[in-house]
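K.L.:
Let me give you the structure first, and then I'll get to my questions.
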Protein chains: 4
Amino acid sequence: MTERIPRDKKNDYTETMAQTRRDFVYDKTGSTFHHVSHYDFEPERTAGNVENFIGVAQVPIGLAGPLLVNGEHAQGEFYVPMATSEGTLVASYNRGMRLLHAAGGARVCIVDDAMQRAPVFIFEHARQARDFGAWVEENFGQIKAAAETTTRSGQLRNIEQYAAARMRYLRFNFTTGDAAGQNMVGKATYVACEWIMENYSGIVRYMLSGAMDTDKKHSQLNTLHTRGKRVIAEVILPNALIEKTMGVSAKNLFKARAITQVGGFMAGSINTGAHSANGIAATFLATGQDVANVAESSAAVTYADLDDDGNYYFSITIPSLIVATYGGGTGLPTQQECLNLLGCNGQGKVRKLAEIIGGTVLAGELSLMSAVLTGDWVTSHDALGRNR
Amino acid sequence: MTERIPRDKKNDYTETMAQTRRDFVYDKTGSTFHHVSHYDFEPERTAGNVENFIGVAQVPIGLAGPLLVNGEHAQGEFYVPMATSEGTLVASYNRGMRLLHAAGGARVCIVDDAMQRAPVFIFEHARQARDFGAWVEENFGQIKAAAETTTRSGQLRNIEQYAAARMRYLRFNFTTGDAAGQNMVGKATYVACEWIMENYSGIVRYMLSGAMDTDKKHSQLNTLHTRGKRVIAEVILPNALIEKTMGVSAKNLFKARAITQVGGFMAGSINTGAHSANGIAATFLATGQDVANVAESSAAVTYADLDDDGNYYFSITIPSLIVATYGGGTGLPTQQECLNLLGCNGQGKVRKLAEIIGGTVLAGELSLMSAVLTGDWVTSHDALGRNR
Amino acid sequence: MTERIPRDKKNDYTETMAQTRRDFVYDKTGSTFHHVSHYDFEPERTAGNVENFIGVAQVPIGLAGPLLVNGEHAQGEFYVPMATSEGTLVASYNRGMRLLHAAGGARVCIVDDAMQRAPVFIFEHARQARDFGAWVEENFGQIKAAAETTTRSGQLRNIEQYAAARMRYLRFNFTTGDAAGQNMVGKATYVACEWIMENYSGIVRYMLSGAMDTDKKHSQLNTLHTRGKRVIAEVILPNALIEKTMGVSAKNLFKARAITQVGGFMAGSINTGAHSANGIAATFLATGQDVANVAESSAAVTYADLDDDGNYYFSITIPSLIVATYGGGTGLPTQQECLNLLGCNGQGKVRKLAEIIGGTVLAGELSLMSAVLTGDWVTSHDALGRNR
Amino acid sequence: MTERIPRDKKNDYTETMAQTRRDFVYDKTGSTFHHVSHYDFEPERTAGNVENFIGVAQVPIGLAGPLLVNGEHAQGEFYVPMATSEGTLVASYNRGMRLLHAAGGARVCIVDDAMQRAPVFIFEHARQARDFGAWVEENFGQIKAAAETTTRSGQLRNIEQYAAARMRYLRFNFTTGDAAGQNMVGKATYVACEWIMENYSGIVRYMLSGAMDTDKKHSQLNTLHTRGKRVIAEVILPNALIEKTMGVSAKNLFKARAITQVGGFMAGSINTGAHSANGIAATFLATGQDVANVAESSAAVTYADLDDDGNYYFSITIPSLIVATYGGGTGLPTQQECLNLLGCNGQGKVRKLAEIIGGTVLAGELSLMSAVLTGDWVTSHDALGRNR
């Protein structure tokens with residue numbers, strides 16, 4: 001007979017229950033939790049964050065910085081907490097931050113902002129689906145009103161429409177204040193859909209997700225139309241600075257990119273940069289973000305240019321950075337401390353946090369790019385006696 | 001003048017230095033770290049895991065299970081530790097595990113296994129690149145020998161080749177024992193490349209990565225040719241069981257899939273399932289995996305079938321699950337306890353861990369699928385009086 | 001010394017010059033053109049269609065049909081001219097048309113319609129690019145007015161915007177009357193861009209194409225947002241009809257799809273159907289379309305469903321069908337005859353043509369699908385004594 | 001009552017039957033075929049090319065060249081026949097050929113060659129599918145022998161394997177002599193599959209295509225692993241030559257590419273070049289290729305580099321160029337003349353033809369690239385007084 005993990009509906013988030021569960025597991029498996037049980041907050045604080053709480057994962061935090069950010073919300077120097085267990089990650093980002101600092105900092109901005117839920121409506125025939133699409137456009141105001149009855153901070157910005165077969169796929173785009181907003185927009189879209197069902201006849205049925213929100217999944221659609229914040233971080237690096245600190249010329253950096261772009265294109269890679277997921281995962285973890293969103297947030301588009309003086313413009317565009325300063329894990333104790341460290345605790349700070357992460361990611365790209373080239377490009381065999 | 005974060009080369013991984021850094025940050029920003037500094041191990045243990053250590057992120061762990069696994073390495077019931085701050089995640093996976101249990105458990109296996117580093121060799125002309133490709137094939141034995149001088153557990157399995165312009169992109173596939181292996185294969189490939197440079201003339205230069213390893217990045221290439229473990233988890237659910245526990249028929253589940261497949265295809269989604277990133281991120285975090293690898297591990301392919309009796313076959317294929325039971329964060333204290341709980345600590349346990357995660361992911365798919373359909377598909381308006 | 005092909009600016013489109021060029025080639029290569037020179041129209045008619053005219057390719061035309069179409073513009077039976085040199089193609093489409101006819105015809109409609117040119121504007125910084133985007137939105141009326149000065153039939157419908165780095169990619173969507181419209185929208189967009197350059201300061205430079213129009217290239221963007229006509233063709237096939245004419249049950253057709261969808265997804269295929277390019281290329285060629293547009297028009301999304309009585313709904317969505325009844329090759333002699341045959345010559349017939357091609361493509365899908373399954377699925381070895 | 005198109009099994013490919021069908025259509029629709037009926041060969045010649053023959057499409061052919069090719073099979077100057085109805089196409093390719101000629105010609109080679117049929121085998125469980133994969137590898141010799149019983153010119157080169165769920169997707173790669181080979185490999189694979197069915201137990205069933213051959217459909221898999229010929233055409237253009245003939249510097253060409261690569265990446269474009277489908281469609285049509293294969297052949301990867309002297313290396317890789325000099329439309333009268341013109345008629349000429357098309361495509365890329373930049377890049381507004 002299988003035994004289920006002990007629960008106690010009324011007192012589930014108590015130390016007693018946490019201990020009861022640890023004891024249960026010990027009975028079943030002999031496993032002990034001396035470290036997992038070492039937390040310094042009341043289990044009650046995890047209500048809304050986890051079920052069947054037994055303790056914590058302790059993940060090392062290293063500090064990188066100062067990161068100099070010239071953003072619209074984040075300005076000045078930041079010491080960035082990065083939670084990771086991968087050696088050299090913090091050091092590498094730190095090195096990139098040093099380079100960025102010497103170049104005057106990362107220029108960062110947010111150019112788009114939307115969180116989605118994407119229901120699908122099914123009809124008898126394609127023409128009905130098309131006509132429904134026109135009706136949705138005409139009745140956007142009322143749909144918006146219905147959706148927004150469920151939330152104070154969420155606003156329905158627009159509805160994208162996609163057509164195939166006898167379905168109409170709608171993609172509701174919300175702004176969600178300081179929250180990441182997946183739950184908020186799910187609820188709001190549900191209410192909007194129910195309003196639609198009451199006010200439009202001929203719908204055979206609908207599903208709250210037709211898989212075009214691509215929650216926890218990268219999609220080309222996200223790269224095109226954003227999910228969460230669309231963040232662009234950029235810098236102009238003087239050639240002399242690159243040569244001195246990276247041991248490689250701007251020109252060679254630029255030329256090397258053409259080669260990796262071909263490789264990435266053939267591979268069907270979703271990111272033309274080096275390793276943005278590293279910086280994103282580490283800052284997400286430290287600041288209480290949902291690390292499963294690395295799935296979406298790991299997409300990126302990089303771009304570089306050379307001016308006539310050999311200065312190197314480099315930027316990374318993160319089309320689907322999903323961040324919050326409210327809700328989810330942001331209210332947990334260590335996570336709060338890390339948000340405080342960045343000055344990102346409290347209302348209206350989510351864009352500041354997004355910019356800091358954008359700058360961090362930019363630092364990491366510059367650092368790894370440099371490492372790859374100094375290791376291989378420059379010291380590589382020059383069989384034909386020419387530097388090309 | 002910017003001040004750098006204090007370091008001490010000799011004694012960097014000491015409590016003293018951790019405190020020095022926390023004091024430094026306090027001086028600079030006023031931020032305190034009462035919770036972050038609450039860990040129960042010697043900072044020395046984080047050497048190799050992090051730089052500029054200041055403390056830990058405490059991330060709640062919930063328990064799901066028992067997960068019944070019928071694997072080749074994992075067999076029986078498992079209580080699965082999931083580190084997350086997203087409410088309902090553990091509950092949802094738990095519910096799926098219950099369903100799986102009732103159906104006799106998740107059948108799981110690993111069908112491929114490889115970790116890559118993908119250098120690119122550049123020539124004067126395309127024909128030289130092609131001829132080099134032939135040489136690499138002929139000299140695989142020696143290249144393999146060179147690569148394997150650097151590692152005891154890594155083995156060079158094969159080298160894929162891709163051609164574009166005057167470049168030859170090689171993709172070295174290694175098996176890496178209990179480690180995830182990114183560093184191991186980087187070093188081994190570097191040595192192999194240097195051997196190649198000494199033994200083949202006409203190479204203009206090479207780069208250790210031509211972006212076809214797609215490290216920390218999803219790519220179609222990973223979906224095709226695997227990165228890490230390729231894990232398949234499958235189950236046959238009797239229709240009666242689905243109807244009873246999920247409130248939806250197997251047939252409707254099957255039909256609904258056709259609609260979400262169209263949505264996902266139009267979106268250009270990298271995952272035809274629901275939310276595998278959730279289960280992967282939570283188990284990765286608990287067991288000391290590199291959560292940045294959610295970028296790659298979040299890809300998935302689902303498949304369903306109905307037999308004549310209405311039984312529902314469902315499976316999820318995870319083509320790039322990157323896991324380790326050695327190295328990285330797997331040796332840290334709470335992470336060790338979680339590995340122990342799963343019986344995945346010690347040599348030769350990495351495949352067992354991969355199978356357990358595969359089963360966990362399967363449970364989560366079944367659970368969310370059910371929630372979407374009972375919420376929307378079945379209760380949806382049936383305007384035309386027919387159930388289709 | 002290389003000799004160039006003879007031209008005569010004033011009289012280039014004359015029989016004399018055609019003969020001069022054929023003689024020239026004979027002198028150079030010994031090649032003769034007894035068949036190529038066998039055309040029955042004045043070379044003058046090819047002015048605007050080709051340069052350095054020497055004759056014609058004679059491509060066999062076969063007839064398929066009658067195709068029964070229930071469209072919004074095409075209604076009734078059509079005999080479809082298909083120009084091809086691939087044996088069985090016409091026969092296969094013919095067979096599908098018979099099935100469609102028995103099922104009451106193909107229901108076809110057009111759900112979207114747009115032709116694009118997509119310039120990119122480059123700025124100093126990302127914020128400037130973003131601000132420019134807002135300005136474009138505010139000044140859409142004037143931009144539209146500028147664009148439309150260049151064309152009588154083209155109308156600027158909307159401008160999509162995409163952001164990366166310090167660029168703003170605009171995608172101008174036009175309706176183009178009976179023409180395919182690539183040239184028309186190129187010119188109109190150019191004039192609009194020049195108007196923008198005069199009225200907005202701070203643009204470093206612009207390019208008329210930033211590669212987001214994806215002319216002569218498939219893109220996911222086309223699948224999402226249409227290029228040319230977005231055509232949906234659908235039919236409901238009674239199970240008895242399928243079994244009788246195809247020798248396979250609706251249920252098995254439906255189940256087989258789940259397997260090919262997985263294969264196509266792993267392959268990264270741009271079309272979830274069977275071979276729409278065949279029908280599109282053959283009708284394009286017969287009716288004077290630009291066959292290079294098969295590149296874009298070959299994308300497709302199929303969808304199937306079963307109702308409780310076992311009836312099979314099947315549809316194909318062609319997101320980027322580029323057709324014209326005016327301009328390009330539509331005015332040439334044999335092409336005119338084929339347009340006449342379909343009743344698609346003259347003003348306002350382009351949507352009718354698109355619907356006929358949509359129906360044709362649907363017929364071909366049903367036919368090949370059937371062939372694959374009767375050959376393999378049904379007769380396949382049933383080792384385990386069960387039909388699943 | 002619907003009337004079917006007249007057929008006569010015994011005498012279907014006669015002038016009488018062609019006329020009978022034209023008369024039939026005239027009766028039904030009033031349409032006449034004065035031009036379509038103007039061909040200069042016996043209808044018997046179209047047996048195997050078309051069914052229900054009624055006549056021909058006459059498509060204008062223009063001549064471009066001389067194209068100077070430095071290939072392994074094609075060497076010297078070629079006058080290239082291009083069948084098209086799109087004005088300026090021939091002129092544009094012609095211009096690119098002039099530039100190529102001045103630069104010493106296009107260097108072209110074929111680096112891979114394979115035609116596929118990709119069956120899928122379905123099992124009870126994933127492990128059985130995996131085990132079957134191992135068996136296929138071990139028994140490759142016998143499978144190859146079985147496949148090759150059906151063909152004299154086709155050879156089974158290797159079998160790729162892809163795993164998902166309880167399926168094993170095999171991708172049979174053949175070389176096919178002078179033919180494109182789709183039919184040949186279909187038949188050979190079928191026989192191989194039947195051999196497998198007889199010699200391996202436990203297969204529930206198989207389908208001759210599991211959609212991983214992606215016939216008539218582009219796929220990322222084709223870009224990675226080739227379909228038809230993988231052709232690379234390349235050239236080094238001295239900066240002075242570019243500036244003189246194109247009015248733009250090599251450096252600006254190189255820099256502009258970085259911008260279009262970003263646009264193409266966001267769009268999810270399958271081709272990083274400009275318009276290879278144009279050159280491919282026009283030469284395909286003239287030489288009797290299957291123009292439906294433009295679907296696959298339109299994919300491309302471009303690459304550029306600058307050397308220290310400012311010389312511009314440019315190349316285009318066509319990963320799935322499907323060409324034949326035997327079979328299909330290659331034996332038709334005008335098509336034969338065009339093959340003769342290129343010296344590509346007769347045995348062993350298919351690679352020569354592929355190289356010539358490769359060179360043609362390269363010419364077109366250079367020409368359009370130039371046009372875009374001189375029109376827009378160079379003359380663009382330089383608001384900030386600097387050339388960057």
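Please note that chains go A, B, ... in the order of the structure tokens, that every chain numbers its residues from 1, and that ligands are numbered from 1 in the order shown.
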Step one, run DSSP on the backbone; step two, keep only residues of segment 66-109 of chain B assigned to alpha helix (DSSP H); then write them as number ranges by chain.
P.N.:
B: 89-102
K.L.:
Give me, as a list in words, the residues of chain A touching chain D, with the criterion being at most 6 Å (counting only C-alpha atoms).
P.N.:
Leu224, Met266, Asp307, Asp308 and Arg388 of chain A
K.L.:
Applying 8 Å and only C-alpha atoms, which residues near Glu365 of chain D remain after dropping the ones on its own chain fewer than 6 positions away? List them as JSON, numbers by chain.
P.N.:
{"D": [96, 273, 274, 275, 276]}
K.L.:
For the selection just defined, write its residues with all heavy atoms to a file, as a CSV table (one decimal), in the first residue's frame.
P.N.:
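And here is the file that came out, part_12.csv:
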```
chain,number,residue,atom,x,y,z
D,96,GLY,N,24.8,40.5,-61.9
D,96,GLY,CA,25.7,39.8,-61.0
D,96,GLY,C,26.7,38.9,-61.6
D,96,GLY,O,27.8,38.8,-61.2
D,273,GLY,N,20.0,34.7,-47.0
D,273,GLY,CA,20.3,35.5,-48.2
D,273,GLY,C,19.2,36.4,-48.7
D,273,GLY,O,18.2,36.6,-48.0
D,274,ALA,N,19.3,36.7,-50.0
D,274,ALA,CA,18.3,37.7,-50.5
D,274,ALA,C,17.2,37.0,-51.3
D,274,ALA,O,16.0,37.2,-51.0
D,274,ALA,CB,19.0,38.7,-51.4
D,275,HIS,N,17.5,36.3,-52.3
D,275,HIS,CA,16.4,35.8,-53.1
D,275,HIS,C,16.8,34.6,-54.0
D,275,HIS,O,16.4,34.5,-55.2
D,275,HIS,CB,15.8,36.9,-54.0
D,275,HIS,CG,16.9,37.4,-55.1
D,275,HIS,ND1,16.5,37.7,-56.4
D,275,HIS,CD2,18.2,37.5,-55.0
D,275,HIS,CE1,17.6,38.0,-57.0
D,275,HIS,NE2,18.6,37.9,-56.2
D,276,SER,N,17.4,33.6,-53.4
D,276,SER,CA,17.9,32.5,-54.2
D,276,SER,C,16.8,31.8,-54.9
D,276,SER,O,17.0,31.2,-56.0
D,276,SER,CB,18.7,31.5,-53.3
D,276,SER,OG,17.9,31.1,-52.2
```
K.L.:
Please provide as a PyMOL selection string all residues within 9 Å of segment 292-296 of chain B, with the sequence filter that same-chain residues fewer than 5 positions apart are discarded (counting only C-alpha atoms).
P.N.:
(chain A and resi 84+218+275-282+291-299) or (chain B and resi 214-219+222+227+277+280-281+284+319-323)
K.L.:
What's around Leu362 of chain C at 10 Å? Count only C-alpha atoms, leave out sequence neighbours fewer than 5 positions away in its own chain, and write the answer as an MDAnalysis selection string.
P.N.:
chainID C and resid 93 96:97 100 106:108 232:235 273 275:276 279 302 314:317 356:357 367
K.L.:
Taking C-alpha atoms for each residue, export the selection above as an mmCIF file, in the first residue's frame.
P.N.:
```cif
data_model
loop_
_atom_site.group_PDB
_atom_site.id
_atom_site.type_symbol
_atom_site.label_atom_id
_atom_site.label_comp_id
_atom_site.auth_asym_id
_atom_site.auth_seq_id
_atom_site.Cartn_x
_atom_site.Cartn_y
_atom_site.Cartn_z
ATOM 1 C CA TYR C 93 -4.994 15.651 -57.485
ATOM 2 C CA GLY C 96 -8.641 13.913 -54.408
ATOM 3 C CA MET C 97 -11.038 16.110 -56.337
ATOM 4 C CA LEU C 100 -14.041 16.112 -52.423
ATOM 5 C CA ALA C 106 -14.236 22.044 -50.697
ATOM 6 C CA ARG C 107 -15.332 24.875 -48.469
ATOM 7 C CA VAL C 108 -12.788 27.634 -48.987
ATOM 8 C CA ILE C 232 -8.333 28.005 -45.575
ATOM 9 C CA ALA C 233 -9.835 25.005 -47.371
ATOM 10 C CA GLU C 234 -11.865 22.504 -45.384
ATOM 11 C CA VAL C 235 -14.162 19.549 -45.781
ATOM 12 C CA GLY C 273 0.659 18.654 -44.426
ATOM 13 C CA HIS C 275 2.746 18.147 -50.403
ATOM 14 C CA SER C 276 0.897 21.406 -50.987
ATOM 15 C CA GLY C 279 -0.527 21.692 -56.432
ATOM 16 C CA THR C 302 -3.242 21.165 -41.472
ATOM 17 C CA PHE C 314 -9.887 18.063 -42.463
ATOM 18 C CA SER C 315 -8.519 21.444 -43.392
ATOM 19 C CA ILE C 316 -5.414 23.070 -44.728
ATOM 20 C CA THR C 317 -4.455 26.651 -44.003
ATOM 21 C CA ILE C 356 -9.640 27.509 -56.448
ATOM 22 C CA ILE C 357 -5.996 26.896 -55.654
ATOM 23 C CA SER C 367 -5.226 11.970 -51.999
#
```
K.L.:
If we count only C-alpha atoms, what is near segment 39-54 of chain D at a cut-off of 9 Å, once residues fewer than 6 positions away on the same chain are taken out, given as a PDB file with C-alpha atoms, in the first residue's frame?
P.N.:
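Wrote it out as result-v4.pdb, contents follow:
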```
ATOM      1  CA  HIS C  35      11.712  23.830 -79.736  1.00  0.00           C
ATOM      2  CA  HIS C  38       8.492  27.479 -81.202  1.00  0.00           C
ATOM      3  CA  TYR C  39       6.094  29.999 -79.668  1.00  0.00           C
ATOM      4  CA  GLN C  58       7.028  24.300 -73.155  1.00  0.00           C
ATOM      5  CA  PRO C  60       2.930  20.069 -70.288  1.00  0.00           C
ATOM      6  CA  ILE C  61      -0.458  20.974 -68.912  1.00  0.00           C
ATOM      7  CA  GLY C  62      -2.818  18.317 -67.608  1.00  0.00           C
ATOM      8  CA  LEU C  63      -6.359  18.832 -66.509  1.00  0.00           C
ATOM      9  CA  ALA C  64      -7.777  17.828 -63.149  1.00  0.00           C
ATOM     10  CA  PRO C  81      -5.069  23.295 -65.449  1.00  0.00           C
ATOM     11  CA  MET C  82      -1.865  22.012 -63.892  1.00  0.00           C
ATOM     12  CA  ALA C  83       1.481  22.539 -65.600  1.00  0.00           C
ATOM     13  CA  THR C  84       3.974  19.962 -64.503  1.00  0.00           C
ATOM     14  CA  SER C  85       6.412  17.384 -65.697  1.00  0.00           C
ATOM     15  CA  GLU C  86       6.006  15.100 -62.722  1.00  0.00           C
ATOM     16  CA  GLY C  87       4.021  12.003 -63.586  1.00  0.00           C
ATOM     17  CA  THR C  88       1.059  11.030 -61.341  1.00  0.00           C
ATOM     18  CA  LEU C  89       0.735  14.538 -59.955  1.00  0.00           C
ATOM     19  CA  VAL C  90      -2.345  15.387 -61.999  1.00  0.00           C
ATOM     20  CA  ALA C  91      -3.801  11.941 -61.425  1.00  0.00           C
TER      21      ALA C  91
ATOM     22  CA  ILE D   5     -12.526  14.528 -68.094  1.00  0.00           C
ATOM     23  CA  PRO D   6     -12.293  12.081 -71.017  1.00  0.00           C
ATOM     24  CA  ARG D   7      -9.608   9.441 -70.822  1.00  0.00           C
ATOM     25  CA  ASP D  12      -4.423   8.578 -73.788  1.00  0.00           C
ATOM     26  CA  TYR D  13      -1.223  10.239 -74.949  1.00  0.00           C
ATOM     27  CA  THR D  14      -2.359  11.019 -78.477  1.00  0.00           C
ATOM     28  CA  GLU D  15      -3.186  14.222 -80.227  1.00  0.00           C
ATOM     29  CA  MET D  17      -7.239  12.567 -76.972  1.00  0.00           C
ATOM     30  CA  ALA D  18      -5.662  15.947 -76.276  1.00  0.00           C
ATOM     31  CA  GLN D  19      -8.098  17.466 -78.744  1.00  0.00           C
ATOM     32  CA  THR D  20     -10.991  15.485 -77.296  1.00  0.00           C
ATOM     33  CA  ARG D  21     -10.250  16.945 -73.902  1.00  0.00           C
ATOM     34  CA  ARG D  22      -9.941  20.470 -75.241  1.00  0.00           C
ATOM     35  CA  PHE D  33      -6.805  26.751 -76.146  1.00  0.00           C
ATOM     36  CA  GLY D 328      11.108  13.967 -64.717  1.00  0.00           C
ATOM     37  CA  GLY D 329      10.897  16.863 -67.159  1.00  0.00           C
ATOM     38  CA  GLY D 331      13.653  14.678 -71.374  1.00  0.00           C
ATOM     39  CA  LEU D 332      11.106  17.113 -72.773  1.00  0.00           C
ATOM     40  CA  PRO D 333      12.015  19.028 -75.933  1.00  0.00           C
TER      41      PRO D 333
END
```
K.L.:
Would you mind listing what lies within 12 Å of Lys349 of chain D as a CSV table (one decimal) with N, CA and C atoms, in the first residue's frame, with only C-alpha atoms counted and same-chain residues fewer than 2 positions away left out?
P.N.:
```
chain,number,residue,atom,x,y,z
D,72,GLU,N,34.1,21.9,-59.9
D,72,GLU,CA,34.8,20.7,-60.1
D,72,GLU,C,34.2,19.9,-61.2
D,73,HIS,N,33.0,20.3,-61.6
D,73,HIS,CA,32.4,19.6,-62.8
D,73,HIS,C,32.0,20.6,-63.8
D,74,ALA,N,31.7,21.8,-63.5
D,74,ALA,CA,31.4,22.9,-64.4
D,74,ALA,C,32.6,23.9,-64.4
D,177,GLY,N,22.4,8.9,-58.6
D,177,GLY,CA,22.9,9.1,-59.9
D,177,GLY,C,22.4,10.4,-60.5
D,178,ASP,N,22.0,10.4,-61.8
D,178,ASP,CA,21.6,11.6,-62.5
D,178,ASP,C,20.1,12.0,-62.2
D,179,ALA,N,19.4,11.2,-61.5
D,179,ALA,CA,18.0,11.5,-61.2
D,179,ALA,C,17.9,12.3,-59.9
D,323,VAL,N,18.2,18.5,-58.0
D,323,VAL,CA,18.3,18.6,-59.4
D,323,VAL,C,18.5,17.3,-60.1
D,324,ALA,N,18.2,17.2,-61.4
D,324,ALA,CA,18.4,16.0,-62.1
D,324,ALA,C,18.8,16.4,-63.6
D,325,THR,N,19.5,15.4,-64.2
D,325,THR,CA,19.6,15.6,-65.7
D,325,THR,C,19.0,14.3,-66.3
D,326,TYR,N,18.3,13.5,-65.5
D,326,TYR,CA,17.7,12.4,-66.1
D,326,TYR,C,16.3,12.2,-65.3
D,330,THR,N,13.2,16.4,-67.6
D,330,THR,CA,14.5,16.7,-68.3
D,330,THR,C,14.5,16.2,-69.7
D,339,LEU,N,19.2,22.1,-71.4
D,339,LEU,CA,20.3,21.2,-70.8
D,339,LEU,C,21.5,21.2,-71.8
D,340,ASN,N,21.2,21.0,-73.1
D,340,ASN,CA,22.3,21.0,-74.0
D,340,ASN,C,23.1,22.3,-74.0
D,342,LEU,N,23.8,24.1,-71.7
D,342,LEU,CA,24.7,24.1,-70.5
D,342,LEU,C,25.7,22.9,-70.6
D,343,GLY,N,25.6,22.1,-71.6
D,343,GLY,CA,26.4,20.9,-71.6
D,343,GLY,C,26.1,20.0,-70.5
D,344,CYS,N,24.8,19.9,-70.2
D,344,CYS,CA,24.4,19.1,-69.1
D,344,CYS,C,23.5,17.9,-69.5
D,345,ASN,N,23.5,17.6,-70.7
D,345,ASN,CA,22.7,16.5,-71.2
D,345,ASN,C,23.5,15.3,-71.3
D,346,GLY,N,23.0,14.1,-70.9
D,346,GLY,CA,23.7,12.9,-71.0
D,346,GLY,C,24.2,12.5,-69.6
D,347,GLN,N,24.8,11.3,-69.6
D,347,GLN,CA,25.1,10.7,-68.3
D,347,GLN,C,26.2,11.5,-67.5
D,351,ARG,N,25.9,16.9,-61.5
D,351,ARG,CA,26.7,17.8,-60.6
D,351,ARG,C,27.2,19.0,-61.3
D,352,LYS,N,27.4,18.9,-62.6
D,352,LYS,CA,27.8,20.1,-63.4
D,352,LYS,C,26.6,21.0,-63.3
D,353,LEU,N,25.4,20.5,-63.5
D,353,LEU,CA,24.2,21.4,-63.5
D,353,LEU,C,24.1,22.0,-62.1
D,354,ALA,N,24.3,21.3,-61.1
D,354,ALA,CA,24.1,21.8,-59.7
D,354,ALA,C,25.1,23.0,-59.5
D,355,GLU,N,26.3,22.8,-60.0
D,355,GLU,CA,27.3,23.8,-59.9
D,355,GLU,C,26.9,25.1,-60.6
D,356,ILE,N,26.4,24.9,-61.8
D,356,ILE,CA,26.0,26.1,-62.6
D,356,ILE,C,24.9,26.8,-61.9
```
